$ cat entry-v6.cif   # mmCIF, C-alpha atoms and all ligand atoms
data_upload
loop_
_atom_site.label_atom_id
_atom_site.label_comp_id
_atom_site.auth_asym_id
_atom_site.auth_seq_id
_atom_site.Cartn_x
_atom_site.Cartn_y
_atom_site.Cartn_z
CA MET Q 1 0.00 0.00 0.00
CA THR Q 2 1.12 3.53 -0.74
CA PRO Q 3 1.77 5.25 2.60
CA TYR Q 4 -0.86 7.97 2.88
CA PHE Q 5 0.35 11.39 4.03
CA ASP Q 6 -2.39 13.56 2.60
CA HIS Q 7 -4.83 13.79 5.50
CA ALA Q 8 -5.31 17.54 5.11
CA ALA Q 9 -6.96 16.69 1.78
CA SER Q 10 -9.07 13.87 3.20
CA THR Q 11 -8.91 11.30 5.98
CA PRO Q 12 -9.90 7.63 5.78
CA VAL Q 13 -13.36 6.89 7.16
CA ASP Q 14 -13.09 5.38 10.63
CA PRO Q 15 -14.43 1.79 10.67
CA LEU Q 16 -17.01 2.75 13.32
CA VAL Q 17 -18.21 5.56 11.06
CA ALA Q 18 -18.41 3.25 8.05
CA ARG Q 19 -20.37 0.71 10.07
CA SER Q 20 -22.82 3.34 11.30
CA ILE Q 21 -23.46 4.53 7.75
CA ALA Q 22 -23.90 1.01 6.37
CA ALA Q 23 -26.26 0.16 9.23
CA ALA Q 24 -28.30 3.32 8.65
CA LEU Q 25 -28.61 2.59 4.95
CA GLN Q 26 -29.81 -0.96 5.68
CA ASP Q 27 -32.08 -0.16 8.60
CA PRO Q 28 -35.72 -0.46 7.45
CA GLY Q 29 -36.61 1.92 10.27
CA LEU Q 30 -34.45 4.72 8.88
CA GLN Q 31 -35.62 4.96 5.29
CA ALA Q 32 -38.25 7.67 5.71
CA ASN Q 33 -37.69 11.34 5.01
CA PRO Q 34 -36.48 12.86 8.30
CA ALA Q 35 -38.78 15.85 7.64
CA SER Q 36 -41.90 13.66 7.53
CA VAL Q 37 -44.16 13.81 10.54
CA HIS Q 38 -45.16 10.15 10.63
CA ARG Q 39 -43.49 7.70 12.95
CA PRO Q 40 -40.76 6.42 10.55
CA GLY Q 41 -39.96 10.04 9.67
CA ARG Q 42 -39.64 10.92 13.31
CA MET Q 43 -37.34 7.94 13.89
CA ALA Q 44 -35.02 9.15 11.15
CA ALA Q 45 -35.21 12.70 12.49
CA ALA Q 46 -34.28 11.51 15.98
CA ARG Q 47 -31.07 9.97 14.62
CA VAL Q 48 -30.25 13.13 12.68
CA GLU Q 49 -30.76 15.15 15.86
CA ALA Q 50 -28.52 12.79 17.86
CA ALA Q 51 -25.82 13.27 15.22
CA ARG Q 52 -26.32 17.03 15.33
CA ALA Q 53 -25.79 16.89 19.10
CA GLU Q 54 -22.44 15.10 18.61
CA VAL Q 55 -21.32 17.77 16.15
CA ALA Q 56 -22.44 20.49 18.56
CA THR Q 57 -20.48 18.87 21.41
CA LEU Q 58 -17.32 18.78 19.30
CA ILE Q 59 -17.36 22.57 19.02
CA GLY Q 60 -19.01 23.55 22.32
CA ALA Q 61 -22.30 24.63 20.70
CA GLN Q 62 -25.97 23.99 21.38
CA VAL Q 63 -27.67 21.39 19.22
CA ASP Q 64 -29.98 23.86 17.48
CA GLU Q 65 -27.01 25.96 16.38
CA VAL Q 66 -25.74 23.36 13.89
CA VAL Q 67 -26.95 23.17 10.28
CA PHE Q 68 -25.91 20.23 8.10
CA THR Q 69 -24.49 21.10 4.67
CA SER Q 70 -22.80 19.19 1.87
CA GLY Q 71 -19.36 20.08 3.22
CA ALA Q 72 -17.26 23.04 4.24
CA THR Q 73 -17.26 24.63 0.81
CA GLU Q 74 -21.00 25.05 1.13
CA ALA Q 75 -20.76 26.03 4.80
CA ASN Q 76 -18.18 28.72 3.99
CA ASN Q 77 -20.26 30.05 1.09
CA LEU Q 78 -23.41 30.12 3.21
CA ALA Q 79 -21.66 31.84 6.11
CA ILE Q 80 -19.90 34.49 4.06
CA ILE Q 81 -22.32 35.28 1.26
CA GLY Q 82 -25.32 34.66 3.52
CA ALA Q 83 -24.13 36.92 6.33
CA ALA Q 84 -22.81 39.67 4.06
CA GLN Q 85 -26.04 39.84 2.11
CA PHE Q 86 -28.28 39.67 5.16
CA ARG Q 87 -26.33 42.49 6.82
CA ALA Q 88 -25.78 44.60 3.72
CA GLY Q 89 -28.14 47.26 5.06
CA GLY Q 90 -25.72 47.82 7.97
CA GLY Q 91 -22.62 48.10 5.80
CA ARG Q 92 -20.76 46.56 2.92
CA HIS Q 93 -17.22 46.22 4.28
CA LEU Q 94 -15.75 42.78 5.01
CA VAL Q 95 -12.41 41.53 6.33
CA THR Q 96 -10.57 38.29 5.63
CA CYS Q 97 -7.06 36.98 5.17
CA ALA Q 98 -5.22 36.50 1.90
CA THR Q 99 -4.16 32.97 2.92
CA GLU Q 100 -7.65 31.54 3.40
CA HIS Q 101 -8.88 28.44 1.59
CA ARG Q 102 -10.37 29.01 -1.85
CA SER Q 103 -13.84 28.23 -0.55
CA VAL Q 104 -13.50 31.41 1.54
CA VAL Q 105 -11.52 33.52 -0.91
CA GLU Q 106 -13.90 33.01 -3.84
CA PRO Q 107 -17.11 33.96 -1.99
CA PHE Q 108 -15.38 37.19 -0.93
CA ARG Q 109 -14.31 37.80 -4.54
CA ARG Q 110 -17.88 37.30 -5.65
CA LEU Q 111 -19.06 39.81 -3.05
CA GLU Q 112 -16.41 42.28 -4.24
CA ALA Q 113 -17.82 41.93 -7.74
CA GLN Q 114 -21.21 42.80 -6.26
CA GLY Q 115 -19.89 46.05 -4.80
CA PHE Q 116 -18.78 44.96 -1.33
CA LYS Q 117 -15.38 46.21 -0.12
CA VAL Q 118 -13.02 43.55 1.23
CA THR Q 119 -9.86 44.15 3.27
CA TRP Q 120 -7.44 41.28 2.64
CA LEU Q 121 -5.09 40.89 5.62
CA VAL Q 122 -1.60 39.63 4.83
CA PRO Q 123 0.21 37.48 7.40
CA ASP Q 124 3.89 37.72 8.35
CA ASP Q 125 6.47 35.43 6.76
CA GLN Q 126 5.58 32.65 9.18
CA GLY Q 127 1.90 32.76 8.30
CA ILE Q 128 0.68 34.54 11.44
CA PHE Q 129 -1.27 37.73 11.51
CA GLY Q 130 -1.86 39.72 14.65
CA PRO Q 131 -5.28 40.41 16.14
CA GLU Q 132 -4.28 44.09 16.02
CA GLN Q 133 -4.30 43.82 12.21
CA VAL Q 134 -7.96 42.84 12.43
CA ALA Q 135 -8.70 45.66 14.86
CA ALA Q 136 -7.03 48.16 12.52
CA ALA Q 137 -9.03 46.89 9.54
CA LEU Q 138 -12.45 47.36 11.16
CA ARG Q 139 -14.58 50.29 9.98
CA PRO Q 140 -18.00 51.52 11.04
CA ASP Q 141 -19.51 49.74 8.02
CA THR Q 142 -17.74 46.38 8.62
CA THR Q 143 -20.24 43.55 9.01
CA LEU Q 144 -18.17 40.36 8.84
CA VAL Q 145 -14.66 39.06 9.55
CA SER Q 146 -13.63 35.58 8.40
CA VAL Q 147 -10.42 33.88 9.58
CA MET Q 148 -9.42 30.23 9.45
CA GLN Q 149 -8.29 28.51 12.64
CA VAL Q 150 -5.68 26.23 11.04
CA ASN Q 151 -4.21 26.86 7.62
CA ASN Q 152 -4.67 23.91 5.28
CA GLU Q 153 -1.27 24.31 3.60
CA THR Q 154 1.06 25.18 6.47
CA GLY Q 155 -0.92 24.12 9.54
CA VAL Q 156 -0.33 27.55 11.11
CA VAL Q 157 -2.79 28.32 13.93
CA GLN Q 158 -4.20 31.82 14.33
CA ASP Q 159 -5.13 33.44 17.65
CA ILE Q 160 -8.83 32.97 16.98
CA ALA Q 161 -10.02 33.81 20.51
CA ALA Q 162 -8.28 37.20 20.45
CA ILE Q 163 -9.64 38.01 17.00
CA GLY Q 164 -13.12 36.88 18.06
CA ALA Q 165 -13.04 39.12 21.12
CA ILE Q 166 -12.18 42.12 18.94
CA CYS Q 167 -15.05 41.36 16.56
CA ARG Q 168 -17.54 40.78 19.36
CA ALA Q 169 -16.60 44.07 21.03
CA ALA Q 170 -17.07 45.86 17.71
CA GLY Q 171 -20.40 44.17 16.99
CA VAL Q 172 -19.02 42.54 13.85
CA LEU Q 173 -19.89 38.94 12.90
CA PHE Q 174 -16.97 36.52 13.12
CA HIS Q 175 -16.74 33.44 10.90
CA VAL Q 176 -14.14 30.71 11.46
CA ASP Q 177 -13.18 28.05 8.93
CA ALA Q 178 -12.30 25.31 11.42
CA VAL Q 179 -12.05 22.51 8.84
CA GLN Q 180 -8.42 21.64 9.54
CA ALA Q 181 -8.81 22.13 13.29
CA ALA Q 182 -11.47 19.50 13.94
CA GLY Q 183 -9.94 16.52 15.74
CA ARG Q 184 -6.57 18.27 15.87
CA GLU Q 185 -7.04 21.45 17.90
CA PRO Q 186 -9.65 22.18 20.57
CA ILE Q 187 -12.63 24.10 19.16
CA ASP Q 188 -14.89 26.08 21.48
CA VAL Q 189 -17.20 28.49 19.72
CA ARG Q 190 -17.86 30.41 22.96
CA LYS Q 191 -14.20 30.90 23.89
CA MET Q 192 -13.54 31.97 20.29
CA SER Q 193 -16.55 34.33 20.23
CA ALA Q 194 -17.38 32.71 16.89
CA ASP Q 195 -20.74 33.57 15.34
CA LEU Q 196 -20.31 31.20 12.40
CA LEU Q 197 -18.00 28.18 12.09
CA SER Q 198 -17.53 25.66 9.27
CA LEU Q 199 -16.69 21.95 9.44
CA SER Q 200 -16.26 19.14 6.92
CA ALA Q 201 -16.73 15.54 8.09
CA HIS Q 202 -14.17 13.92 5.79
CA LYS Q 203 -11.34 15.90 7.41
CA PHE Q 204 -11.88 14.06 10.69
CA HIS Q 205 -12.50 10.49 9.58
CA GLY Q 206 -16.12 11.03 8.58
CA PRO Q 207 -17.67 10.60 5.13
CA LYS Q 208 -17.23 12.98 2.20
CA GLY Q 209 -20.20 15.04 1.12
CA VAL Q 210 -21.38 16.24 4.51
CA GLY Q 211 -20.36 19.17 6.66
CA ALA Q 212 -21.87 21.63 9.05
CA LEU Q 213 -22.24 25.32 9.71
CA PHE Q 214 -22.51 26.54 13.27
CA LEU Q 215 -24.62 29.68 13.65
CA ASP Q 216 -24.62 31.36 17.03
CA ARG Q 217 -28.21 31.67 18.21
CA GLU Q 218 -27.90 35.21 19.46
CA HIS Q 219 -25.62 36.82 16.96
CA SER Q 220 -26.05 35.23 13.58
CA ARG Q 221 -29.27 33.28 13.44
CA ARG Q 222 -30.17 35.08 10.30
CA VAL Q 223 -28.11 34.70 7.17
CA GLU Q 224 -29.51 34.81 3.67
CA PRO Q 225 -29.85 31.18 2.48
CA LEU Q 226 -28.04 30.24 -0.71
CA LEU Q 227 -30.78 27.78 -1.67
CA VAL Q 228 -34.52 28.18 -1.45
CA GLY Q 229 -37.24 25.61 -1.71
CA GLY Q 230 -37.78 24.01 1.66
CA ALA Q 231 -37.92 24.57 5.40
CA GLN Q 232 -35.26 22.02 6.39
CA GLU Q 233 -32.41 23.18 8.65
CA HIS Q 234 -34.32 26.32 9.70
CA ALA Q 235 -34.77 27.02 5.96
CA LEU Q 236 -31.08 27.97 5.93
CA ARG Q 237 -30.25 24.85 3.97
CA PRO Q 238 -33.38 23.53 2.34
CA GLY Q 239 -33.39 20.03 0.90
CA THR Q 240 -33.80 16.58 2.44
CA VAL Q 241 -31.12 15.91 5.03
CA ALA Q 242 -29.03 12.84 4.14
CA THR Q 243 -29.76 10.73 7.21
CA HIS Q 244 -26.87 8.30 6.78
CA GLN Q 245 -24.35 11.08 6.08
CA ALA Q 246 -25.43 13.01 9.16
CA ILE Q 247 -25.21 9.84 11.25
CA GLY Q 248 -21.70 9.18 9.95
CA MET Q 249 -20.62 12.73 10.71
CA GLY Q 250 -22.07 12.38 14.20
CA VAL Q 251 -20.00 9.27 14.94
CA ALA Q 252 -16.87 10.93 13.53
CA ALA Q 253 -17.54 13.98 15.72
CA ARG Q 254 -17.97 11.81 18.81
CA LEU Q 255 -14.67 10.04 18.10
CA ALA Q 256 -12.93 13.37 17.53
CA THR Q 257 -14.27 14.68 20.83
CA GLU Q 258 -13.21 11.53 22.70
CA ARG Q 259 -9.74 11.43 21.16
CA ILE Q 260 -8.71 15.09 21.28
CA GLY Q 261 -6.62 14.39 24.41
CA VAL Q 262 -4.72 11.55 22.73
CA ASP Q 263 -4.51 11.80 18.94
CA PRO Q 264 -2.89 15.23 18.50
CA ASP Q 265 0.11 14.37 20.72
CA ARG Q 266 0.69 11.14 18.85
CA ILE Q 267 0.32 12.76 15.45
CA ARG Q 268 2.59 15.64 16.45
CA ALA Q 269 5.29 13.20 17.59
CA LEU Q 270 5.17 11.43 14.21
CA ARG Q 271 5.17 14.73 12.29
CA ASP Q 272 8.12 16.03 14.31
CA ALA Q 273 10.00 12.77 13.79
CA LEU Q 274 9.55 13.27 10.05
CA TRP Q 275 10.85 16.83 10.25
CA THR Q 276 13.85 15.67 12.31
CA ARG Q 277 14.70 13.26 9.51
CA LEU Q 278 14.28 15.89 6.80
CA GLN Q 279 15.76 19.03 8.29
CA CYS Q 280 19.29 17.68 8.10
CA VAL Q 281 19.12 17.76 4.28
CA PRO Q 282 20.70 21.00 3.05
CA GLY Q 283 18.17 23.22 1.29
CA VAL Q 284 15.07 21.75 2.93
CA LEU Q 285 13.12 24.67 4.40
CA LEU Q 286 10.12 24.64 6.72
CA ASN Q 287 7.15 26.73 5.59
CA GLY Q 288 5.05 28.34 8.30
CA HIS Q 289 5.62 29.07 11.95
CA PRO Q 290 7.81 26.39 13.59
CA GLN Q 291 5.71 26.15 16.78
CA ARG Q 292 2.31 27.67 16.17
CA ARG Q 293 1.19 24.81 13.95
CA ALA Q 294 -1.48 22.17 14.28
CA CYS Q 295 -0.15 18.66 14.86
CA HIS Q 296 -0.73 17.16 11.44
CA ILE Q 297 0.94 19.30 8.76
CA LEU Q 298 4.55 19.58 7.63
CA ASN Q 299 5.09 21.89 4.67
CA ILE Q 300 8.57 22.16 3.21
CA SER Q 301 10.26 23.69 0.21
CA VAL Q 302 13.26 22.03 -1.37
CA VAL Q 303 15.82 24.42 -2.84
CA GLY Q 304 16.70 23.51 -6.38
CA ALA Q 305 14.14 20.77 -6.85
CA GLU Q 306 11.14 21.39 -9.03
CA GLY Q 307 7.84 20.43 -7.37
CA GLU Q 308 6.49 18.37 -10.24
CA SER Q 309 9.72 16.32 -10.48
CA LEU Q 310 9.74 15.88 -6.72
CA LEU Q 311 6.21 14.51 -6.74
CA LEU Q 312 7.11 12.20 -9.59
CA ALA Q 313 10.16 10.93 -7.73
CA LEU Q 314 7.96 10.46 -4.65
CA ARG Q 315 5.21 8.56 -6.40
CA ARG Q 316 5.41 5.72 -3.88
CA VAL Q 317 4.02 8.10 -1.25
CA ALA Q 318 0.64 9.88 -1.22
CA ILE Q 319 1.52 13.53 -0.55
CA SER Q 320 0.68 16.75 -2.26
CA ARG Q 321 1.99 20.11 -3.25
CA GLY Q 322 0.79 23.35 -1.77
CA SER Q 323 -2.93 23.46 -1.39
CA ALA Q 324 -3.59 19.97 -2.30
CA CYS Q 325 -7.29 19.60 -2.03
CA ALA Q 326 -7.60 20.76 -5.59
CA SER Q 327 -4.10 21.20 -6.78
CA ASN Q 328 -3.25 19.73 -10.05
CA ASP Q 329 -2.40 23.19 -11.30
CA ALA Q 330 1.21 24.10 -11.73
CA GLU Q 331 0.67 27.57 -10.25
CA PRO Q 332 2.84 28.31 -7.23
CA SER Q 333 0.83 28.30 -4.02
CA PRO Q 334 -0.59 31.77 -3.28
CA VAL Q 335 -0.40 30.95 0.44
CA LEU Q 336 3.36 30.43 0.29
CA HIS Q 337 3.65 33.55 -1.82
CA HIS Q 338 2.06 35.54 0.95
CA LEU Q 339 4.63 34.07 3.32
CA GLY Q 340 7.27 35.66 1.12
CA ARG Q 341 8.47 32.50 -0.63
CA SER Q 342 9.74 32.99 -4.19
CA ASP Q 343 7.84 31.42 -7.10
CA GLU Q 344 10.54 28.80 -7.33
CA LEU Q 345 10.37 27.82 -3.65
CA ALA Q 346 6.58 27.93 -3.66
CA ARG Q 347 6.65 25.57 -6.65
CA SER Q 348 9.01 23.19 -4.87
CA SER Q 349 6.79 22.89 -1.81
CA LEU Q 350 5.48 19.62 -0.48
CA ARG Q 351 2.79 19.10 2.11
CA PHE Q 352 2.90 16.05 4.32
CA SER Q 353 -0.21 15.69 6.45
CA LEU Q 354 -0.63 12.97 9.03
CA ALA Q 355 -3.38 11.31 11.05
CA ARG Q 356 -3.83 8.78 13.81
CA THR Q 357 -3.64 6.00 11.23
CA ASN Q 358 0.04 6.69 10.33
CA THR Q 359 2.86 4.63 11.84
CA PRO Q 360 6.53 5.29 12.70
CA ALA Q 361 7.51 2.78 9.98
CA GLU Q 362 5.64 4.84 7.38
CA VAL Q 363 7.39 8.00 8.58
CA GLU Q 364 10.74 6.27 8.15
CA PHE Q 365 9.77 5.10 4.67
CA VAL Q 366 8.68 8.58 3.58
CA ALA Q 367 11.85 10.14 4.96
CA GLU Q 368 13.99 7.62 3.06
CA GLU Q 369 12.05 8.22 -0.16
CA LEU Q 370 12.46 11.97 0.13
CA HIS Q 371 16.18 11.71 0.84
CA ALA Q 372 16.58 9.50 -2.22
CA ALA Q 373 14.40 11.77 -4.39
CA ILE Q 374 16.36 14.89 -3.49
CA ARG Q 375 19.69 13.14 -4.04
CA HIS Q 376 18.49 11.96 -7.44
CA LEU Q 377 17.09 15.30 -8.55
CA ARG Q 378 20.18 17.17 -7.47
CA ARG Q 379 22.37 14.71 -9.35
CA VAL Q 380 20.48 15.22 -12.60
CA ALA Q 381 19.77 18.94 -12.14
CA PRO Q 382 21.49 21.31 -14.56
CA ALA Q 383 24.54 23.02 -13.06
CA GLY Q 384 23.63 26.04 -11.01
CA VAL Q 385 20.09 24.99 -10.27
CA VAL Q 386 20.82 23.29 -6.96
N1 LIG T 1 -11.58 24.92 4.25
C1 LIG T 1 -10.40 24.31 4.44
C2 LIG T 1 -9.40 24.94 5.34
C3 LIG T 1 -10.13 23.10 3.79
O1 LIG T 1 -8.95 22.51 3.97
C4 LIG T 1 -11.11 22.54 2.94
C5 LIG T 1 -10.87 21.24 2.20
N2 LIG T 1 -9.82 21.26 1.32
C6 LIG T 1 -12.34 23.21 2.78
C7 LIG T 1 -12.54 24.39 3.46
C8 LIG T 1 -13.43 22.68 1.89
O2 LIG T 1 -13.93 21.48 2.37
P1 LIG T 1 -14.79 20.51 1.41
O3 LIG T 1 -13.94 20.25 0.21
O4 LIG T 1 -15.02 19.30 2.21
O5 LIG T 1 -16.03 21.25 1.06
#
$ encode --input "entry-v6.cif" --output "structure tokens"
Amino acid sequence: MTPYFDHAASTPVDPLVARSIAAALQDPGLQANPASVHRPGRMAAARVEAARAEVATLIGAQVDEVVFTSGATEANNLAIIGAAQFRAGGGRHLVTCATEHRSVVEPFRRLEAQGFKVTWLVPDDQGIFGPEQVAAALRPDTTLVSVMQVNNETGVVQDIAAIGAICRAAGVLFHVDAVQAAGREPIDVRKMSADLLSLSAHKFHGPKGVGALFLDREHSRRVEPLLVGGAQEHALRPGTVATHQAIGMGVAARLATERIGVDPDRIRALRDALWTRLQCVPGVLLNGHPQRRACHILNISVVGAEGESLLLALRRVAISRGSACASNDAEPSPVLHHLGRSDELARSSLRFSLARTNTPAEVEFVAEELHAAIRHLRRVAPAGVV
């Protein structure tokens, strides 16, 4: 089997999750529409609500503050476009960070095209930006700030609680993309003063195709829905809820809650062991802050080695370049650009992302493969490139 080091892109479904989904699909008592008022419908709805409660517990929310979506892309779109449009009467200025995931960046771009003004905060060369940058960006007509908790390329963790406190004091809605944090960093919507928070189940050993948006009851109950045509999920996300998907996400959330005291330390130890093996190679550079990083991501650039050739040489390992969720493009990562990396170094970046399913033997294998790949590429590289 190819050792899998691409867990920031997607994690394997936990066997307990898979079993819960298979059981739900086969259970004659769970086939009704969970919105139906008859008994079978209510049975399905009860299981959806139990799953919702598990998701709420994972993030410290109340059960009625969680809306199921098709994933975090939808949750981010709903939070950002929905909140900006609903609040447009109070102002049309928004704040986000230039190193956000595309599912945050593109909704803001769309809003810009519709006449909203967006302030794009730029982090320092380690990927961090200060809460004071957010404070300085706020204007009387600011309605929404969106900042990710853990960056999906570098793993850098922002000071979300401090940023949230600034937004709350200013009466500005605060949205957090917590996709890479779930199961890896503690998430507490109250401590973060988050009004909106996005999750995707497949990033914490749940199924693909289901996610959730948290909406704080007091501060952000009302966002403009992206879809219309039904009253499901408080009419914020109309359409029949996928019972089995919600159940699977619920089990994954429960496991993530139970394991938050154990998994991150283990994953961090493996990740750091990998870095220890790699940092001795001349020209291997760490991208992102060395300490303020979630446990699972190691992002490096290799001086003098072209990213595409590196990936080819490393084909016995499942890793990715830059922002790997959707990266088959040869463009250098904009995130690394914002960290001040040159085009060349951004192009030669590799992201290793780990999970509880990785082993020390796999780490050793990956390290050996990378050593060999770099040796090979530097041997064949034209003079002056290395
Ligand atoms: N935000 C972040 C930080 C992510 O890493 C991802 C997944 N690549 C998303 C949002 C989107 O999640 P999904 O593809 O599951 O909709």
$ residues_near_point --input "entry-v6.cif" --point "(-25.4, 37.1, 10.5)" --cutoff "10 Å" --atoms "only C-alpha atoms" --output "PyMOL selection string"
chain Q and resi 79-87+143-144+172-175+195-196+215-224
$ closest_atom_pairs --input "entry-v6.cif" --of "chain Q" --to "ligand LIG 1 (chain T)" --cutoff "7 Å" --atoms "all atoms listed in the file" --output "CSV"
residue,atom,partner,partner_atom,distance
Q:Ala8,CA,T:LIG1,O1,6.3
Q:Ala9,CA,T:LIG1,N2,5.4
Q:Gly71,CA,T:LIG1,O5,4.1
Q:Ala72,CA,T:LIG1,O5,3.9
Q:Thr73,CA,T:LIG1,O5,3.6
Q:Glu74,CA,T:LIG1,O5,6.3
Q:His101,CA,T:LIG1,C2,5.2
Q:Ser103,CA,T:LIG1,C7,5.7
Q:Met148,CA,T:LIG1,C2,6.7
Q:Val150,CA,T:LIG1,C2,6.9
Q:Asn151,CA,T:LIG1,C2,6.0
Q:Asn152,CA,T:LIG1,O1,4.7
Q:Asp177,CA,T:LIG1,N1,5.9
Q:Ala178,CA,T:LIG1,C2,6.7
Q:Val179,CA,T:LIG1,C2,5.0
Q:Gln180,CA,T:LIG1,C2,5.4
Q:Ser200,CA,T:LIG1,O4,4.9
Q:His202,CA,T:LIG1,O4,6.5
Q:Lys208,CA,T:LIG1,O4,6.7
Q:Gly209,CA,T:LIG1,O4,6.8
Q:Gly211,CA,T:LIG1,O4,7.0
Q:Cys325,CA,T:LIG1,N2,4.5
$ residues_around --input "entry-v6.cif" --residues "region 244-253 of chain Q" --least-positions-apart "4" --cutoff "10 Å" --atoms "all atoms listed in the file" --output "VMD selection string"
chain Q and resid 13 to 26 30 to 31 44 47 to 59 68 to 70 182 to 183 200 to 212 257 to 259
$ closest_atom_pairs --input "entry-v6.cif" --of "region 134-158 of chain Q" --to "region 299-312 of chain Q" --cutoff "9 Å" --atoms "all atoms listed in the file" --output "Markdown table"
| residue | atom | partner | partner_atom | distance |
| --- | --- | --- | --- | --- |
| Q:Glu153 | CA | Q:Asn299 | CA | 6.9 |
| Q:Thr154 | CA | Q:Asn299 | CA | 5.5 |
| Q:Gly155 | CA | Q:Asn299 | CA | 8.1 |
$ atom_distance --input "entry-v6.cif" --atom1 "CA of Gln232 (chain Q)" --atom2 "CA of Val66 (chain Q)"
12.2 Å
$ atom_distance --input "entry-v6.cif" --atom1 "CA of Gln158 (chain Q)" --atom2 "CA of Ala170 (chain Q)"
19.3 Å
$ atom_distance --input "entry-v6.cif" --atom1 "CA of Pro332 (chain Q)" --atom2 "CA of Arg347 (chain Q)"
4.7 Å
$ axis_aligned_box --input "entry-v6.cif" --around "region 35-53 of chain Q" --padding-each-side "8 Å" --output "lines of an AutoDock Vina configuration file"
center_x = -35.5
center_y = 11.7
center_z = 13.3
size_x = 35.4
size_y = 26.6
size_z = 27.6
$ residues_around --input "entry-v6.cif" --residues "Pro131 (chain Q)" --least-positions-apart "4" --cutoff "12 Å" --atoms "all atoms listed in the file" --output "list of chain:residue names"
Q:Thr96, Q:Cys97, Q:Leu121, Q:Val122, Q:Pro123, Q:Ala135, Q:Ala136, Q:Ala137, Q:Leu138, Q:Val145, Q:Val147, Q:Gln158, Q:Asp159, Q:Ile160, Q:Ala161, Q:Ala162, Q:Ile163, Q:Gly164, Q:Ala165, Q:Ile166, Q:Cys167
$ residues_near_point --input "entry-v6.cif" --point "(-3.6, 6.4, 9.2)" --cutoff "9 Å" --atoms "only C-alpha atoms" --output "number ranges by chain"
Q: 3-5, 7, 11-12, 354-359
$ closest_residue --input "entry-v6.cif" --among "Q:His371, Q:His338, Q:Arg184, Q:Arg110" --to "Ile267 (chain Q)" --atoms "only C-alpha atoms"
Q:Arg184
$ closest_residue --input "entry-v6.cif" --among "Q:Val241, Q:Val118, Q:Ala256, Q:Val95" --to "Ala32 (chain Q)" --atoms "all atoms listed in the file"
Q:Val241
$ residues_around --input "entry-v6.cif" --residues "Val189 (chain Q)" --least-positions-apart "3" --cutoff "8 Å" --atoms "all atoms listed in the file" --output "VMD selection string"
chain Q and resid 59 to 61 192 to 195 197
$ decode --input "entry-v6.cif" --residues "region 14-23 of chain Q" --atoms "N, CA, C and O atoms" --output "PDB file, in the first residue's frame"
ATOM      1  N   ASP Q  14     -13.300   6.292   9.499  1.00  0.00           N
ATOM      2  CA  ASP Q  14     -13.094   5.377  10.631  1.00  0.00           C
ATOM      3  C   ASP Q  14     -14.045   4.181  10.486  1.00  0.00           C
ATOM      4  O   ASP Q  14     -15.202   4.353  10.089  1.00  0.00           O
ATOM      5  N   PRO Q  15     -13.562   2.971  10.817  1.00  0.00           N
ATOM      6  CA  PRO Q  15     -14.434   1.791  10.673  1.00  0.00           C
ATOM      7  C   PRO Q  15     -15.760   1.934  11.419  1.00  0.00           C
ATOM      8  O   PRO Q  15     -16.796   1.475  10.930  1.00  0.00           O
ATOM      9  N   LEU Q  16     -15.742   2.567  12.579  1.00  0.00           N
ATOM     10  CA  LEU Q  16     -17.008   2.749  13.320  1.00  0.00           C
ATOM     11  C   LEU Q  16     -17.970   3.645  12.548  1.00  0.00           C
ATOM     12  O   LEU Q  16     -19.182   3.445  12.561  1.00  0.00           O
ATOM     13  N   VAL Q  17     -17.394   4.649  11.874  1.00  0.00           N
ATOM     14  CA  VAL Q  17     -18.214   5.560  11.063  1.00  0.00           C
ATOM     15  C   VAL Q  17     -18.810   4.787   9.886  1.00  0.00           C
ATOM     16  O   VAL Q  17     -20.014   4.870   9.613  1.00  0.00           O
ATOM     17  N   ALA Q  18     -17.951   4.022   9.217  1.00  0.00           N
ATOM     18  CA  ALA Q  18     -18.412   3.250   8.048  1.00  0.00           C
ATOM     19  C   ALA Q  18     -19.532   2.306   8.450  1.00  0.00           C
ATOM     20  O   ALA Q  18     -20.547   2.182   7.755  1.00  0.00           O
ATOM     21  N   ARG Q  19     -19.339   1.651   9.616  1.00  0.00           N
ATOM     22  CA  ARG Q  19     -20.370   0.710  10.073  1.00  0.00           C
ATOM     23  C   ARG Q  19     -21.685   1.429  10.364  1.00  0.00           C
ATOM     24  O   ARG Q  19     -22.766   0.931  10.045  1.00  0.00           O
ATOM     25  N   SER Q  20     -21.589   2.608  10.961  1.00  0.00           N
ATOM     26  CA  SER Q  20     -22.821   3.339  11.301  1.00  0.00           C
ATOM     27  C   SER Q  20     -23.570   3.759  10.042  1.00  0.00           C
ATOM     28  O   SER Q  20     -24.801   3.733   9.998  1.00  0.00           O
ATOM     29  N   ILE Q  21     -22.815   4.111   8.997  1.00  0.00           N
ATOM     30  CA  ILE Q  21     -23.459   4.532   7.747  1.00  0.00           C
ATOM     31  C   ILE Q  21     -24.108   3.323   7.071  1.00  0.00           C
ATOM     32  O   ILE Q  21     -25.268   3.379   6.633  1.00  0.00           O
ATOM     33  N   ALA Q  22     -23.355   2.215   7.012  1.00  0.00           N
ATOM     34  CA  ALA Q  22     -23.903   1.009   6.371  1.00  0.00           C
ATOM     35  C   ALA Q  22     -25.154   0.554   7.114  1.00  0.00           C
ATOM     36  O   ALA Q  22     -26.170   0.199   6.495  1.00  0.00           O
ATOM     37  N   ALA Q  23     -25.101   0.599   8.442  1.00  0.00           N
ATOM     38  CA  ALA Q  23     -26.260   0.157   9.234  1.00  0.00           C
ATOM     39  C   ALA Q  23     -27.450   1.072   8.974  1.00  0.00           C
ATOM     40  O   ALA Q  23     -28.586   0.596   8.842  1.00  0.00           O
TER      41      ALA Q  23
END
